[in-house]
file run_3.tsv (TSV, C-alpha atoms)
chain	number	residue	atom	x	y	z
A	1	MET	CA	16.23	4.21	5.11
A	2	GLN	CA	13.88	5.04	7.94
A	3	TYR	CA	11.99	2.15	9.55
A	4	ARG	CA	8.71	2.41	11.41
A	5	LYS	CA	6.72	0.06	13.59
A	6	LEU	CA	3.66	-1.38	11.92
A	7	GLY	CA	1.11	0.14	14.24
A	8	ARG	CA	1.28	-1.29	17.74
A	9	SER	CA	3.15	-4.41	16.60
A	10	GLY	CA	6.88	-4.96	16.93
A	11	LEU	CA	7.33	-5.41	13.17
A	12	LYS	CA	9.48	-2.73	11.53
A	13	VAL	CA	8.78	-1.79	7.92
A	14	SER	CA	10.64	0.62	5.66
A	15	ALA	CA	8.97	4.02	5.51
A	16	ILE	CA	8.75	3.61	1.74
A	17	SER	CA	7.83	0.22	0.32
A	18	LEU	CA	7.39	-1.21	-3.16
A	19	GLY	CA	4.07	-2.40	-4.54
A	20	SER	CA	3.13	-4.37	-7.64
A	21	TRP	CA	-0.27	-3.03	-8.72
A	22	ARG	CA	-0.37	-2.57	-12.54
A	23	THR	CA	3.40	-3.14	-12.85
A	24	PHE	CA	5.13	-6.44	-12.06
A	25	GLY	CA	4.04	-9.26	-14.32
A	26	GLN	CA	1.78	-6.83	-16.17
A	27	SER	CA	3.18	-3.63	-17.70
A	28	VAL	CA	6.83	-4.59	-17.09
A	29	ASP	CA	8.78	-7.76	-17.85
A	30	ASP	CA	10.80	-9.92	-15.46
A	31	ALA	CA	14.03	-8.01	-16.11
A	32	ALA	CA	12.46	-4.70	-15.11
A	33	THR	CA	10.73	-6.32	-12.13
A	34	GLU	CA	14.04	-7.69	-10.89
A	35	ALA	CA	15.82	-4.37	-11.46
A	36	CYS	CA	13.20	-2.44	-9.50
A	37	MET	CA	13.03	-4.91	-6.63
A	38	LYS	CA	16.83	-5.20	-6.35
A	39	THR	CA	17.24	-1.43	-6.35
A	40	ALA	CA	14.63	-1.14	-3.61
A	41	TYR	CA	16.08	-3.95	-1.51
A	42	GLU	CA	19.66	-2.71	-1.84
A	43	ASN	CA	18.53	0.72	-0.65
A	44	GLY	CA	16.82	-0.57	2.46
A	45	VAL	CA	13.26	-1.36	1.37
A	46	ASN	CA	12.09	-4.39	3.33
A	47	PHE	CA	8.39	-4.55	2.40
A	48	PHE	CA	6.98	-5.73	-0.93
A	49	ASP	CA	3.23	-5.52	-1.44
A	50	GLY	CA	1.19	-7.94	-3.53
A	51	ALA	CA	-2.37	-9.19	-4.05
A	52	GLU	CA	-4.11	-12.07	-5.76
A	53	ALA	CA	-5.94	-9.50	-7.90
A	54	TYR	CA	-2.85	-7.83	-9.35
A	55	GLY	CA	-2.63	-9.22	-12.86
A	56	ALA	CA	-4.77	-12.17	-11.71
A	57	GLY	CA	-1.77	-13.45	-9.72
A	58	ALA	CA	0.85	-12.49	-12.29
A	59	ALA	CA	2.33	-9.81	-10.04
A	60	GLU	CA	2.95	-12.23	-7.20
A	61	SER	CA	4.35	-14.83	-9.57
A	62	ALA	CA	6.79	-12.23	-10.92
A	63	MET	CA	7.86	-11.24	-7.41
A	64	GLY	CA	8.28	-14.90	-6.55
A	65	ARG	CA	10.70	-15.38	-9.44
A	66	VAL	CA	12.80	-12.52	-8.07
A	67	PHE	CA	12.75	-13.95	-4.54
A	68	ARG	CA	13.94	-17.32	-5.86
A	69	LYS	CA	16.63	-15.84	-8.10
A	70	CYS	CA	18.04	-13.36	-5.60
A	71	GLY	CA	17.93	-15.70	-2.63
A	72	TRP	CA	17.46	-12.95	-0.06
A	73	ALA	CA	17.38	-14.18	3.53
A	74	ARG	CA	13.75	-14.47	4.56
A	75	ASP	CA	14.31	-12.48	7.72
A	76	THR	CA	15.49	-9.46	5.69
A	77	PHE	CA	12.21	-8.68	3.92
A	78	CYS	CA	8.46	-8.68	4.45
A	79	VAL	CA	5.85	-9.49	1.85
A	80	SER	CA	2.08	-9.22	1.72
A	81	SER	CA	-0.84	-10.58	-0.21
A	82	LYS	CA	-4.49	-9.57	-0.31
A	83	VAL	CA	-7.55	-11.74	-0.63
A	84	TYR	CA	-10.89	-11.04	-2.29
A	85	HIS	CA	-10.65	-11.00	-6.11
A	86	GLY	CA	-9.63	-14.54	-7.02
A	87	GLY	CA	-11.81	-15.70	-9.89
A	88	GLY	CA	-15.26	-15.87	-11.39
A	89	LYS	CA	-16.70	-18.99	-9.73
A	90	PRO	CA	-18.81	-18.66	-6.55
A	91	ASN	CA	-16.07	-19.46	-4.02
A	92	GLN	CA	-13.13	-17.95	-5.88
A	93	SER	CA	-13.76	-14.47	-4.52
A	94	GLY	CA	-14.96	-12.80	-1.38
A	95	LEU	CA	-13.91	-13.33	2.22
A	96	SER	CA	-15.45	-16.66	3.10
A	97	ARG	CA	-13.31	-18.90	5.27
A	98	LYS	CA	-12.86	-21.18	2.26
A	99	HIS	CA	-11.53	-18.46	-0.03
A	100	ILE	CA	-9.36	-16.83	2.63
A	101	MET	CA	-7.63	-20.15	3.30
A	102	GLU	CA	-7.27	-21.23	-0.33
A	103	ALA	CA	-6.13	-17.81	-1.54
A	104	CYS	CA	-3.39	-17.78	1.08
A	105	ASP	CA	-2.09	-21.16	-0.09
A	106	ALA	CA	-2.20	-19.97	-3.72
A	107	ALA	CA	-0.24	-16.79	-2.89
A	108	LEU	CA	2.42	-18.77	-1.04
A	109	LYS	CA	2.78	-21.09	-4.03
A	110	ARG	CA	3.05	-18.19	-6.49
A	111	MET	CA	5.77	-16.50	-4.47
A	112	GLY	CA	7.57	-19.65	-3.33
A	113	LEU	CA	7.27	-18.71	0.35
A	114	ASP	CA	6.46	-20.60	3.52
A	115	TYR	CA	4.53	-17.73	5.10
A	116	LEU	CA	3.23	-14.22	4.47
A	117	ASP	CA	4.25	-11.43	6.79
A	118	LEU	CA	1.06	-9.47	6.11
A	119	TYR	CA	-2.27	-10.72	4.79
A	120	PHE	CA	-5.04	-8.25	3.93
A	121	CYS	CA	-8.76	-8.48	3.29
A	122	HIS	CA	-8.65	-6.52	0.03
A	123	ARG	CA	-12.11	-5.02	0.37
A	124	PRO	CA	-15.21	-5.52	2.55
A	125	ASP	CA	-17.45	-8.47	1.77
A	126	PRO	CA	-21.12	-7.87	2.62
A	127	ASP	CA	-21.84	-11.59	2.16
A	128	THR	CA	-19.47	-12.80	4.89
A	129	PRO	CA	-19.97	-12.18	8.64
A	130	LEU	CA	-17.11	-10.30	10.26
A	131	ASP	CA	-16.62	-13.00	12.88
A	132	GLU	CA	-15.99	-15.58	10.12
A	133	ILE	CA	-13.25	-13.35	8.73
A	134	VAL	CA	-11.62	-12.76	12.12
A	135	HIS	CA	-11.62	-16.48	12.95
A	136	ALA	CA	-10.28	-17.51	9.52
A	137	MET	CA	-7.37	-15.08	9.77
A	138	ASN	CA	-6.53	-16.33	13.24
A	139	THR	CA	-6.56	-19.91	11.97
A	140	LEU	CA	-3.93	-18.97	9.38
A	141	MET	CA	-1.86	-17.32	12.10
A	142	LEU	CA	-2.02	-20.47	14.21
A	143	GLN	CA	-0.96	-22.52	11.17
A	144	GLY	CA	2.07	-20.27	10.73
A	145	LYS	CA	1.01	-19.22	7.24
A	146	ILE	CA	0.62	-15.53	8.10
A	147	LEU	CA	2.15	-13.39	10.82
A	148	TYR	CA	-0.17	-10.37	10.82
A	149	TRP	CA	-3.55	-9.75	9.25
A	150	GLY	CA	-5.36	-6.61	8.29
A	151	THR	CA	-7.83	-4.94	5.98
A	152	SER	CA	-7.96	-2.57	3.02
A	153	ASN	CA	-10.57	0.14	2.59
A	154	PHE	CA	-12.70	-1.06	5.49
A	155	LYS	CA	-14.96	1.39	7.31
A	156	ALA	CA	-13.97	2.44	10.80
A	157	THR	CA	-17.22	0.98	12.13
A	158	ASP	CA	-16.37	-2.46	10.69
A	159	LEU	CA	-12.84	-2.28	12.09
A	160	LEU	CA	-14.14	-1.43	15.56
A	161	GLN	CA	-16.54	-4.37	15.33
A	162	MET	CA	-13.71	-6.72	14.27
A	163	PHE	CA	-11.64	-5.62	17.24
A	164	ALA	CA	-14.63	-6.25	19.50
A	165	ILE	CA	-15.06	-9.76	18.06
A	166	ALA	CA	-11.38	-10.50	18.59
A	167	GLU	CA	-11.49	-9.27	22.18
A	168	ARG	CA	-14.64	-11.27	22.88
A	169	ASP	CA	-13.20	-14.50	21.50
A	170	GLY	CA	-9.61	-14.10	22.69
A	171	LEU	CA	-8.24	-13.66	19.17
A	172	ALA	CA	-5.86	-11.28	17.39
A	173	GLY	CA	-7.52	-8.31	15.78
A	174	PRO	CA	-6.27	-6.56	12.65
A	175	THR	CA	-2.79	-5.08	12.88
A	176	MET	CA	-2.97	-2.83	9.82
A	177	GLU	CA	-5.26	-1.17	7.31
A	178	GLN	CA	-4.34	-0.27	3.72
A	179	PRO	CA	-6.24	2.90	2.76
A	180	ARG	CA	-5.75	5.27	-0.13
A	181	TYR	CA	-3.94	8.35	1.16
A	182	ASN	CA	-2.51	11.35	-0.61
A	183	MET	CA	-2.71	15.12	-0.69
A	184	LEU	CA	-5.95	14.95	-2.68
A	185	ASN	CA	-7.59	12.09	-0.72
A	186	ARG	CA	-7.19	12.59	3.02
A	187	ASP	CA	-10.52	12.11	4.74
A	188	ARG	CA	-10.33	8.40	5.60
A	189	VAL	CA	-6.91	8.55	7.25
A	190	ASP	CA	-7.10	12.02	8.76
A	191	ARG	CA	-10.70	11.84	9.98
A	192	GLU	CA	-12.63	8.56	9.76
A	193	LEU	CA	-9.88	6.26	11.03
A	194	ALA	CA	-8.62	8.63	13.73
A	195	PRO	CA	-10.60	6.91	16.56
A	196	VAL	CA	-9.21	3.50	15.51
A	197	PHE	CA	-5.63	4.80	15.53
A	198	GLU	CA	-6.13	6.30	18.97
A	199	ARG	CA	-7.81	3.29	20.57
A	200	TYR	CA	-6.04	0.35	18.91
A	201	GLY	CA	-2.79	1.69	17.44
A	202	LEU	CA	-3.71	0.43	13.98
A	203	GLY	CA	-0.85	0.52	11.47
A	204	THR	CA	-1.24	1.67	7.88
A	205	THR	CA	0.36	0.72	4.57
A	206	VAL	CA	-1.06	3.59	2.52
A	207	TYR	CA	-1.40	3.30	-1.25
A	208	SER	CA	-1.79	5.70	-4.18
A	209	PRO	CA	0.39	8.42	-2.59
A	210	LEU	CA	0.76	10.08	-6.00
A	211	ALA	CA	-2.95	9.89	-6.87
A	212	VAL	CA	-2.41	7.77	-10.00
A	213	GLY	CA	0.28	10.17	-11.17
A	214	ILE	CA	-1.63	13.44	-10.70
A	215	LEU	CA	0.70	14.44	-7.86
A	216	THR	CA	3.80	14.02	-9.98
A	217	GLY	CA	2.80	17.20	-11.81
A	218	LYS	CA	2.98	15.57	-15.22
A	219	TYR	CA	-0.63	16.50	-15.99
A	220	ASN	CA	-0.28	20.16	-15.03
A	221	ASP	CA	-0.16	21.27	-18.68
A	222	GLY	CA	-2.32	18.57	-20.25
A	223	ILE	CA	-2.39	14.80	-20.61
A	224	PRO	CA	0.75	13.44	-22.33
A	225	PRO	CA	-0.21	11.00	-25.11
A	226	ASP	CA	2.02	8.23	-23.72
A	227	SER	CA	0.74	8.51	-20.14
A	228	ALA	CA	-1.38	5.98	-18.28
A	229	MET	CA	-4.21	8.49	-18.03
A	230	ALA	CA	-4.27	8.92	-21.82
A	231	LYS	CA	-4.88	5.19	-22.16
A	232	SER	CA	-7.57	4.89	-19.47
A	233	GLU	CA	-10.91	6.67	-19.53
A	234	GLY	CA	-11.51	5.57	-15.95
A	235	MET	CA	-8.34	7.28	-14.78
A	236	ARG	CA	-9.16	10.44	-16.74
A	237	LYS	CA	-12.45	10.70	-14.87
A	238	ARG	CA	-10.45	11.08	-11.65
A	239	LEU	CA	-8.75	14.22	-12.95
A	240	SER	CA	-10.36	17.60	-12.35
A	241	GLU	CA	-9.32	21.20	-12.91
A	242	ALA	CA	-9.71	21.85	-9.18
A	243	GLN	CA	-7.10	19.18	-8.48
A	244	LEU	CA	-4.73	20.61	-11.09
A	245	VAL	CA	-5.00	24.08	-9.57
A	246	LYS	CA	-3.78	22.62	-6.27
A	247	VAL	CA	-1.01	20.55	-7.87
A	248	ARG	CA	0.32	23.56	-9.78
A	249	GLN	CA	0.59	25.49	-6.51
A	250	LEU	CA	2.22	22.51	-4.80
A	251	SER	CA	4.66	22.14	-7.69
A	252	ALA	CA	5.84	25.70	-7.05
A	253	ILE	CA	6.53	24.75	-3.43
A	254	ALA	CA	8.48	21.68	-4.57
A	255	ILE	CA	10.62	23.86	-6.84
A	256	GLU	CA	11.41	26.14	-3.89
A	257	LEU	CA	12.51	23.06	-1.89
A	258	ASN	CA	14.59	21.80	-4.84
A	259	ILE	CA	12.79	18.46	-4.88
A	260	SER	CA	10.38	16.88	-7.34
A	261	MET	CA	6.62	17.16	-6.95
A	262	ALA	CA	6.45	13.40	-6.43
A	263	GLN	CA	9.00	13.60	-3.62
A	264	LEU	CA	7.02	16.37	-1.94
A	265	ALA	CA	3.85	14.26	-2.12
A	266	LEU	CA	5.57	11.21	-0.64
A	267	ALA	CA	7.29	13.19	2.11
A	268	TRP	CA	3.95	14.81	3.00
A	269	CYS	CA	2.43	11.36	3.52
A	270	LEU	CA	5.35	10.34	5.71
A	271	LYS	CA	4.86	13.35	7.96
A	272	ASN	CA	1.68	11.71	9.25
A	273	PRO	CA	2.57	9.72	12.40
A	274	ASN	CA	-0.24	7.25	11.64
A	275	VAL	CA	1.44	6.21	8.37
A	276	SER	CA	3.60	3.12	8.87
A	277	THR	CA	4.76	2.84	5.25
A	278	VAL	CA	3.94	4.42	1.91
A	279	VAL	CA	3.46	1.86	-0.86
A	280	THR	CA	4.97	3.12	-4.13
A	281	GLY	CA	5.01	1.70	-7.64
A	282	ALA	CA	7.74	1.77	-10.26
A	283	THR	CA	8.56	0.46	-13.72
A	284	ARG	CA	12.20	1.59	-13.73
A	285	PRO	CA	14.97	1.57	-11.10
A	286	GLN	CA	15.32	5.34	-11.51
A	287	GLN	CA	11.75	5.77	-10.30
A	288	VAL	CA	12.52	3.64	-7.28
A	289	GLU	CA	15.53	5.80	-6.44
A	290	GLU	CA	13.57	9.04	-6.83
A	291	ASN	CA	10.79	7.75	-4.57
A	292	LEU	CA	13.19	6.54	-1.90
A	293	ALA	CA	14.91	9.92	-1.76
A	294	ALA	CA	11.66	11.45	-0.47
A	295	ALA	CA	12.36	10.02	2.98
A	296	ASP	CA	15.51	12.15	3.13
A	297	TYR	CA	13.54	15.38	2.77
A	298	LEU	CA	11.23	15.15	5.77
A	299	ASP	CA	13.18	17.80	7.68
A	300	ARG	CA	12.45	20.29	4.87
A	301	LEU	CA	8.74	20.00	5.61
A	302	THR	CA	8.78	22.37	8.58
A	303	ASP	CA	5.63	23.34	10.48
A	304	PRO	CA	5.30	26.65	8.59
A	305	LEU	CA	5.70	24.81	5.28
A	306	MET	CA	3.10	22.22	6.27
A	307	ASP	CA	0.75	25.09	7.11
A	308	GLN	CA	1.43	26.55	3.66
A	309	ILE	CA	0.62	23.19	2.06
A	310	GLU	CA	-2.52	22.90	4.16
A	311	THR	CA	-3.70	26.29	2.88
A	312	VAL	CA	-3.34	25.01	-0.69
A	313	LEU	CA	-5.13	21.72	0.06
A	314	GLU	CA	-8.02	23.37	1.87
call {"tool": "encode", "arguments": {"input": "run_3.tsv", "output": "structure tokens"}}
result
Amino acid sequence: MQYRKLGRSGLKVSAISLGSWRTFGQSVDDAATEACMKTAYENGVNFFDGAEAYGAGAAESAMGRVFRKCGWARDTFCVSSKVYHGGGKPNQSGLSRKHIMEACDAALKRMGLDYLDLYFCHRPDPDTPLDEIVHAMNTLMLQGKILYWGTSNFKATDLLQMFAIAERDGLAGPTMEQPRYNMLNRDRVDRELAPVFERYGLGTTVYSPLAVGILTGKYNDGIPPDSAMAKSEGMRKRLSEAQLVKVRQLSAIAIELNISMAQLALAWCLKNPNVSTVVTGATRPQQVEENLAAADYLDRLTDPLMDQIETVLE
């Protein structure tokens, strides 16, 4: 397993990590959750990604049961949570100081942990001043409940303002951002966030590297009846013929490399030096193993091949 620094920090995270969105505690049972997490951990994955919104806390509870059962040494893995979507009452969601603090305590209880390695603002909150967010996160750091804090899907302008607030008040700014990043969705990482990477060394824990399954190639010839897209109208709306034209061409490149389309998509993400870790999902240990193998194929993505891929994507 390859390990990378989380941005400018000294924390090292596995290049490929395991997330829990729509899987643990939701579409898979505890046995499958344990099998996936153990396979990941035994193959060098040291970062597990959660959020209060995933299954309304069920994902983190399921991960917590695995942590308790397996008894892994706490200094051998990192875990995250995200705050925003907590409930329907006025102070059960958003990024107020109250919800940030209470959601952190709830996540720790669900997972049976004393602290979170990473704690994200899951989405921007127009109702909460940025300085309130920065100060609340720093309070949690001082309390020892979180080690690093960051954001997810924040605009570059907001991130720059949060760094300015932190510098003004002598506080720690965000260490990482969690954006969507894949071959079909590149603008935020490759363009918008570029000035933040250059100035502050922001780390990234990118999600959706397979574009909700589109970049596995399984939709190249139609939507399989047992697929997630067949069951979700919202997901089907994300699929276009223009995307499929690109994926079919990329699939031909993957065949030439003797790797799967999914592995090509993951390796492509990892070629970006601003990517600290790629968050993957899995419902079976075999999926975990296939995803992890992508890190072994980076040397196959030569400069000429990356140019060929770029021609397809453009």
call {"tool": "residues_around", "arguments": {"input": "run_3.tsv", "residues": "range 157-165 of chain A", "least_positions_apart": "5", "cutoff": "12 Å", "atoms": "all atoms listed in the file", "output": "short mmCIF file (atom, residue, chain, number, x, y, z; two decimals) with C-alpha atoms, in the coordinates of the input"}}
result
data_model
loop_
_atom_site.label_atom_id
_atom_site.label_comp_id
_atom_site.auth_asym_id
_atom_site.auth_seq_id
_atom_site.Cartn_x
_atom_site.Cartn_y
_atom_site.Cartn_z
CA CYS A 121 -8.76 -8.48 3.29
CA ARG A 123 -12.11 -5.02 0.37
CA PRO A 124 -15.21 -5.52 2.55
CA ASP A 125 -17.45 -8.47 1.77
CA PRO A 126 -21.12 -7.87 2.62
CA PRO A 129 -19.97 -12.18 8.64
CA LEU A 130 -17.11 -10.30 10.26
CA ASP A 131 -16.62 -13.00 12.88
CA GLU A 132 -15.99 -15.58 10.12
CA ILE A 133 -13.25 -13.35 8.73
CA VAL A 134 -11.62 -12.76 12.12
CA HIS A 135 -11.62 -16.48 12.95
CA MET A 137 -7.37 -15.08 9.77
CA ASN A 138 -6.53 -16.33 13.24
CA TRP A 149 -3.55 -9.75 9.25
CA GLY A 150 -5.36 -6.61 8.29
CA THR A 151 -7.83 -4.94 5.98
CA SER A 152 -7.96 -2.57 3.02
CA GLY A 170 -9.61 -14.10 22.69
CA LEU A 171 -8.24 -13.66 19.17
CA ALA A 172 -5.86 -11.28 17.39
CA GLY A 173 -7.52 -8.31 15.78
CA PRO A 174 -6.27 -6.56 12.65
CA THR A 175 -2.79 -5.08 12.88
CA MET A 176 -2.97 -2.83 9.82
CA GLU A 177 -5.26 -1.17 7.31
CA GLU A 192 -12.63 8.56 9.76
CA LEU A 193 -9.88 6.26 11.03
CA ALA A 194 -8.62 8.63 13.73
CA PRO A 195 -10.60 6.91 16.56
CA VAL A 196 -9.21 3.50 15.51
CA PHE A 197 -5.63 4.80 15.53
CA GLU A 198 -6.13 6.30 18.97
CA ARG A 199 -7.81 3.29 20.57
CA TYR A 200 -6.04 0.35 18.91
CA GLY A 201 -2.79 1.69 17.44
CA LEU A 202 -3.71 0.43 13.98
#
call {"tool": "closest_residue", "arguments": {"input": "run_3.tsv", "among": "A:Val206, A:Ala254, A:Val212, A:Leu118", "to": "Tyr148 in chain A", "atoms": "only C-alpha atoms"}}
result
A:Leu118
call {"tool": "closest_residue", "arguments": {"input": "run_3.tsv", "among": "A:Ala31, A:Cys269, A:Leu6, A:Met183", "to": "Leu244 in chain A", "atoms": "only C-alpha atoms"}}
result
A:Met183
call {"tool": "closest_residue", "arguments": {"input": "run_3.tsv", "among": "A:Val278, A:Leu301, A:Cys104, A:Val13", "to": "Gln143 in chain A", "atoms": "all atoms listed in the file"}}
result
A:Cys104
call {"tool": "atom_distance", "arguments": {"input": "run_3.tsv", "atom1": "CA of Leu292 in chain A", "atom2": "CA of Phe48 in chain A"}}
result
13.8 Å
call {"tool": "closest_residue", "arguments": {"input": "run_3.tsv", "among": "A:Tyr297, A:Tyr3, A:Tyr119, A:Tyr54", "to": "Phe24 in chain A", "atoms": "only C-alpha atoms"}}
result
A:Tyr54
call {"tool": "atom_distance", "arguments": {"input": "run_3.tsv", "atom1": "CA of Val245 in chain A", "atom2": "CA of Gln308 in chain A"}}
result
14.9 Å
call {"tool": "residues_around", "arguments": {"input": "run_3.tsv", "residues": "Glu42 in chain A", "least_positions_apart": "6", "cutoff": "12 Å", "atoms": "all atoms listed in the file", "output": "PDB file with C-alpha atoms, in the frame of the given file"}}
result
ATOM      1  CA  MET A   1      16.230   4.210   5.110  1.00  0.00           C
ATOM      2  CA  GLU A  34      14.040  -7.690 -10.890  1.00  0.00           C
ATOM      3  CA  ALA A  35      15.820  -4.370 -11.460  1.00  0.00           C
ATOM      4  CA  CYS A  36      13.200  -2.440  -9.500  1.00  0.00           C
ATOM      5  CA  CYS A  70      18.040 -13.360  -5.600  1.00  0.00           C
ATOM      6  CA  TRP A  72      17.460 -12.950  -0.060  1.00  0.00           C
ATOM      7  CA  THR A  76      15.490  -9.460   5.690  1.00  0.00           C
ATOM      8  CA  PHE A  77      12.210  -8.680   3.920  1.00  0.00           C
ATOM      9  CA  PRO A 285      14.970   1.570 -11.100  1.00  0.00           C
ATOM     10  CA  VAL A 288      12.520   3.640  -7.280  1.00  0.00           C
ATOM     11  CA  GLU A 289      15.530   5.800  -6.440  1.00  0.00           C
ATOM     12  CA  LEU A 292      13.190   6.540  -1.900  1.00  0.00           C
TER      13      LEU A 292
END
call {"tool": "atom_distance", "arguments": {"input": "run_3.tsv", "atom1": "CA of Lys38 in chain A", "atom2": "CA of Phe67 in chain A"}}
result
9.8 Å
call {"tool": "closest_residue", "arguments": {"input": "run_3.tsv", "among": "A:Ile223, A:Ala136, A:Ile16, A:Ile214", "to": "Gly281 in chain A", "atoms": "only C-alpha atoms"}}
result
A:Ile16
call {"tool": "residues_around", "arguments": {"input": "run_3.tsv", "residues": "Arg22 in chain A", "least_positions_apart": "6", "cutoff": "12 Å", "atoms": "only C-alpha atoms", "output": "NGL selection string"}}
result
:A and (28-29 or 33 or 50-51 or 53-60 or 208 or 212 or 228 or 280-283)
call {"tool": "residues_near_point", "arguments": {"input": "run_3.tsv", "point": "(10.9, -14.4, 5.3)", "cutoff": "8 Å", "atoms": "all atoms listed in the file", "output": "list in words"}}
result
Ala73, Arg74, Asp75, Thr76, Phe77, Cys78, Val79, Leu113, Asp114, Tyr115, Leu116 and Asp117 of chain A
call {"tool": "residues_near_point", "arguments": {"input": "run_3.tsv", "point": "(3.4, 3.6, 7.4)", "cutoff": "6 Å", "atoms": "all atoms listed in the file", "output": "list of chain:residue names"}}
result
A:Ala15, A:Thr204, A:Thr205, A:Val275, A:Ser276, A:Thr277, A:Val278
call {"tool": "residues_around", "arguments": {"input": "run_3.tsv", "residues": "Met261 in chain A", "least_positions_apart": "3", "cutoff": "8 Å", "atoms": "all atoms listed in the file", "output": "ChimeraX atom specification"}}
result
/A:215-217,250-251,254-255,264-265
call {"tool": "residues_around", "arguments": {"input": "run_3.tsv", "residues": "Ile253 in chain A", "least_positions_apart": "4", "cutoff": "10 Å", "atoms": "all atoms listed in the file", "output": "list in words"}}
result
Val247, Arg248, Gln249, Leu257, Asn258, Ile259, Ser260, Met261, Leu264, Leu305, Gln308 and Ile309 of chain A
